[in-house]
Structure formats: structure tokens, C-alpha cells
Amino acid sequence: MTPIEQAQRALERSRILTLIALGLLGTVYVRAIWFTPVEAIQGPAQKIFYIHAPSAWSAFLAVVVVGLCSVLYLMLRDARIDRLAASSAEVGTVFTTAVLITGPIWGKPIWGAWWTWDARLTSTLFLWFILVGYLVLRSAVREPRQRARFAAVLGILGMLLVPFIHLSVKMFRTLHPQPVVMNPEGPTLPGQMLATLLFSFAVFTVLYAGLTWQRYAQSALEDARGDARAEGAR
Amino acid sequence: MTPANGGYAVAAYVIAAVLYVGYAAWLLRRGAKS
């Protein structure tokens with residue numbers, strides 16, 4: 001099978017996974033809106049949590065993949081690893097954007113303010129800047145190996161921010177709620193709410209995988225066609 | 001009494017859906033053209 005055919009097959013498969021993930025996202029909406037109880041103190045606005053927290057999880061997953069691929073690229077100089085980092089960064093930007101939009105929409109009715117410059121919110125905004133900077137950098141550098149090397153350094157810096165963002169609610173006095181699943185005492189949510197949240201985490205992981213694979217396969221197809229054209233020109 | 005703030009939840013859910021479905025649709029259309 002030629003590299004072009006391989007990429008086309010991956011593109012078809014990733015399309016199926018993306019469509020499945022979108023269908024599952026619909027079921028998260030149905031479960032969260034109609035089959036999960038309304039929280040007594042916060043009211044319906046608390047339901048934003050079922051899309052906000054899993055979006056943050058997928059954003060962090062994306063950035064960690066970018067960082068690990070960046071380390072591996074600097075060691076192995078394999079273009080496929082750079083391609084995965086670039087795909088994950090683009091998808092991670094979408095998830096981080098969702099986090100930064102849904103968070104303030106929850107904050108307004110609960111805190112009385114759209115935004116506060118506390119450690120969690122500010123560091124998440126910095127992560128978004130790093131991701132956007134990563135994408136701008138990639139579009140600005142033409143030479144592929146130089147582009148991959150520069151981007152890898154920025155990708156590693158982005159990954160270093162993730163544990164800081166996660167621990168920021170412990171390290172600093174902050175308005176942002178403490179973790180309700182990933183904390184040493186175990187999950188602190190009632191059963192039905194926890195089930196919805198965990199289901200949403202799983203679906204957002206599949207959505208991340210589908211979108212990143214789709215993006216990767218498109219880049220692989222473009223590169224394979226470029227290589228084939230270069231071969232033909234020789 | 002439970003606060004009536006469902007409009008914020010609706011807004012967040014709609015914006016997130018537009019973002020995710022919009023990006024996925026853009027990717028799928030781009031993939032179909034290539």
C-alpha cells in the first residue's frame with residue numbers, strides 16, 4: 001500500500017471515530033440535562049461543570065501529548081511525531097477555548113463575576129496563549145525541520161504548565177472549586193452526578209482522539225502527496 | 001430555594017456544541033475535499 005493510500009484509509013477510519021464521538025457528545029448532553037439531578041445550591045448552572053471539566057481534561061491531555069511528542073521529536077527527529085504534536089495542539093486549542101468560555105458563563109451566576117485573575121484562571125489563559133503561539137509559530141516558519149524544532153521547544157513549555165494549573169487550586173488561595181474527582185480523598189460528588197461526569201470524561205477523551213487522528217491523517221495525506229509530487233518532478 | 005440560572009447553562013451548552021461540532025464539521029469537510 002502506498003503512503004497516499006495509507007493516509008486515505010486512516011482518514012476514513014478517523015472520520016468514523018469523529019462521528020461516533022459527536023454522537024456520544026449528544027448523549028452526554030441528554031444525560032447531563034435530563035437525567036442528572038439539579039444541584040440544590042448552585043441550581044442548573046452547575047450542569048456547565050459536565051462539559052467544562054471534561055473539556056479541561058481533554059485540553060490537558062492534548063497539551064501533554066504535544067509536550068511528550070516534542071521531547072520525542074527532539075530525540076528522534078521523526079516527522080510523524082511532529083505531525084502528531086501539531087495535530088494535538090490544534091485540537092487542544094479548541095478544548096482550551098471551550099474551557100475559557102464555559103468557565104466564565106458558570107462564574108457569572110455563582111461568583112457574581114465573569115472573570116477573576118486568580119491562579120487557575122490566569123494560568124489556563126496563559127496555556128491558551130502558548131497554544132495559539134504554537135500554531136502561529138508553525139504557520140510562520142516555512143522550513144519543516146526548523147519549524148518542528150522551534151515548535152517542540154514551545155510544546156515542552158506548554159506541557160510544563162499543566163501540573164501547575166492542576167495544582168494551582170491547592171497552592172494558592174483561589175475562588176476556583178477544588179477537584180471533585182482527582183483528589184486524595186477520592187470523588188466527593190453524589191453517585192448520579194459522578195456517573196455523568198465520568199461518562200463525559202470518557203466521551204471527551206474519545207472526541208479528542210477522533211479529532212486529533214482526523215487532523216493527523218489530513219496532514220499525513222498532504223505530506224504524502226507533496227512527497228509524490230517531488231518524486232515525480234525528479 | 002434553587003436559583004433560576006438555567007439560561008447560563010443553556011448558553012454554555014450551546015456555545016460548546018457550536019465550537020466542537022463546528023470544528024469537527026470543518027475538519028470533516030476539509031478531509032472530504034482532500
# chains A, B, ... in the order shown; residues from 1 in each chain; ligands from 1
$ residues_around --residues "A:Phe164" --least-positions-apart "5" --cutoff "9 Å" --atoms "only C-alpha atoms" --output "PyMOL selection string"
chain A and resi 120+123+171
$ select_by_dssp --residues "chain B" --states "helix (DSSP H, G or I)" --output "CSV table (one decimal) with C-alpha atoms, in the first residue's frame"
chain,number,residue,atom,x,y,z
B,6,GLY,CA,-30.7,27.8,33.6
B,7,GLY,CA,-30.1,30.4,30.9
B,8,TYR,CA,-26.4,30.3,31.7
B,9,ALA,CA,-26.3,26.5,31.4
B,10,VAL,CA,-28.1,26.7,28.1
B,11,ALA,CA,-25.7,29.3,26.8
B,12,ALA,CA,-22.7,27.3,27.8
B,13,TYR,CA,-24.0,24.1,26.3
B,14,VAL,CA,-25.0,25.8,23.0
B,15,ILE,CA,-21.6,27.6,22.7
B,16,ALA,CA,-19.7,24.4,23.5
B,17,ALA,CA,-21.7,22.5,20.9
B,18,VAL,CA,-21.1,25.1,18.2
B,19,LEU,CA,-17.4,25.0,19.0
B,20,TYR,CA,-17.0,21.2,18.9
B,21,VAL,CA,-19.4,20.4,16.1
B,22,GLY,CA,-18.2,23.4,14.1
B,23,TYR,CA,-14.6,22.3,14.4
B,24,ALA,CA,-15.4,18.7,13.6
B,25,ALA,CA,-17.5,19.7,10.6
B,26,TRP,CA,-14.7,21.9,9.3
B,27,LEU,CA,-12.3,19.0,9.7
B,28,LEU,CA,-14.6,16.5,8.0
B,29,ARG,CA,-15.3,18.8,5.1
B,30,ARG,CA,-11.6,19.5,4.7
B,31,GLY,CA,-10.9,15.8,4.8
B,32,ALA,CA,-13.6,15.1,2.2
B,33,LYS,CA,-12.1,17.7,-0.2
$ closest_residue --among "A:Val181, A:Val169, A:Leu221, A:Leu61" --to "chain B" --atoms "only C-alpha atoms"
A:Leu221
$ interface_residues --of "chain A" --to "chain B" --cutoff "7 Å" --atoms "only C-alpha atoms" --output "MDAnalysis selection string"
chainID A and resid 15 40:45 47:48 98 102 105:106 109 211 218
$ write_last_selection --atoms "C-alpha atoms" --output "compact mmCIF listing (two decimals), in the first residue's frame"
# COMPACT_ATOMS: atom_id res chain seq x y z
CA ARG A 15 -13.85 10.16 10.20
CA ALA A 40 -29.66 22.41 45.21
CA ILE A 41 -27.39 25.40 45.99
CA GLN A 42 -25.93 26.31 42.57
CA GLY A 43 -29.02 25.41 40.52
CA PRO A 44 -28.99 24.44 36.81
CA ALA A 45 -25.79 26.48 36.18
CA LYS A 47 -24.56 21.48 34.93
CA ILE A 48 -21.99 23.55 33.00
CA ALA A 98 -14.21 25.84 25.35
CA THR A 102 -17.78 27.84 29.66
CA ILE A 105 -20.50 31.52 31.99
CA TRP A 106 -20.59 29.41 35.19
CA PRO A 109 -24.21 33.34 38.29
CA LEU A 211 -10.36 14.92 16.15
CA GLN A 218 -5.12 15.00 6.81
$ closest_residue --among "A:Leu157, A:Trp57, A:Ala7, A:His176" --to "A:Pro104" --atoms "only C-alpha atoms"
A:His176
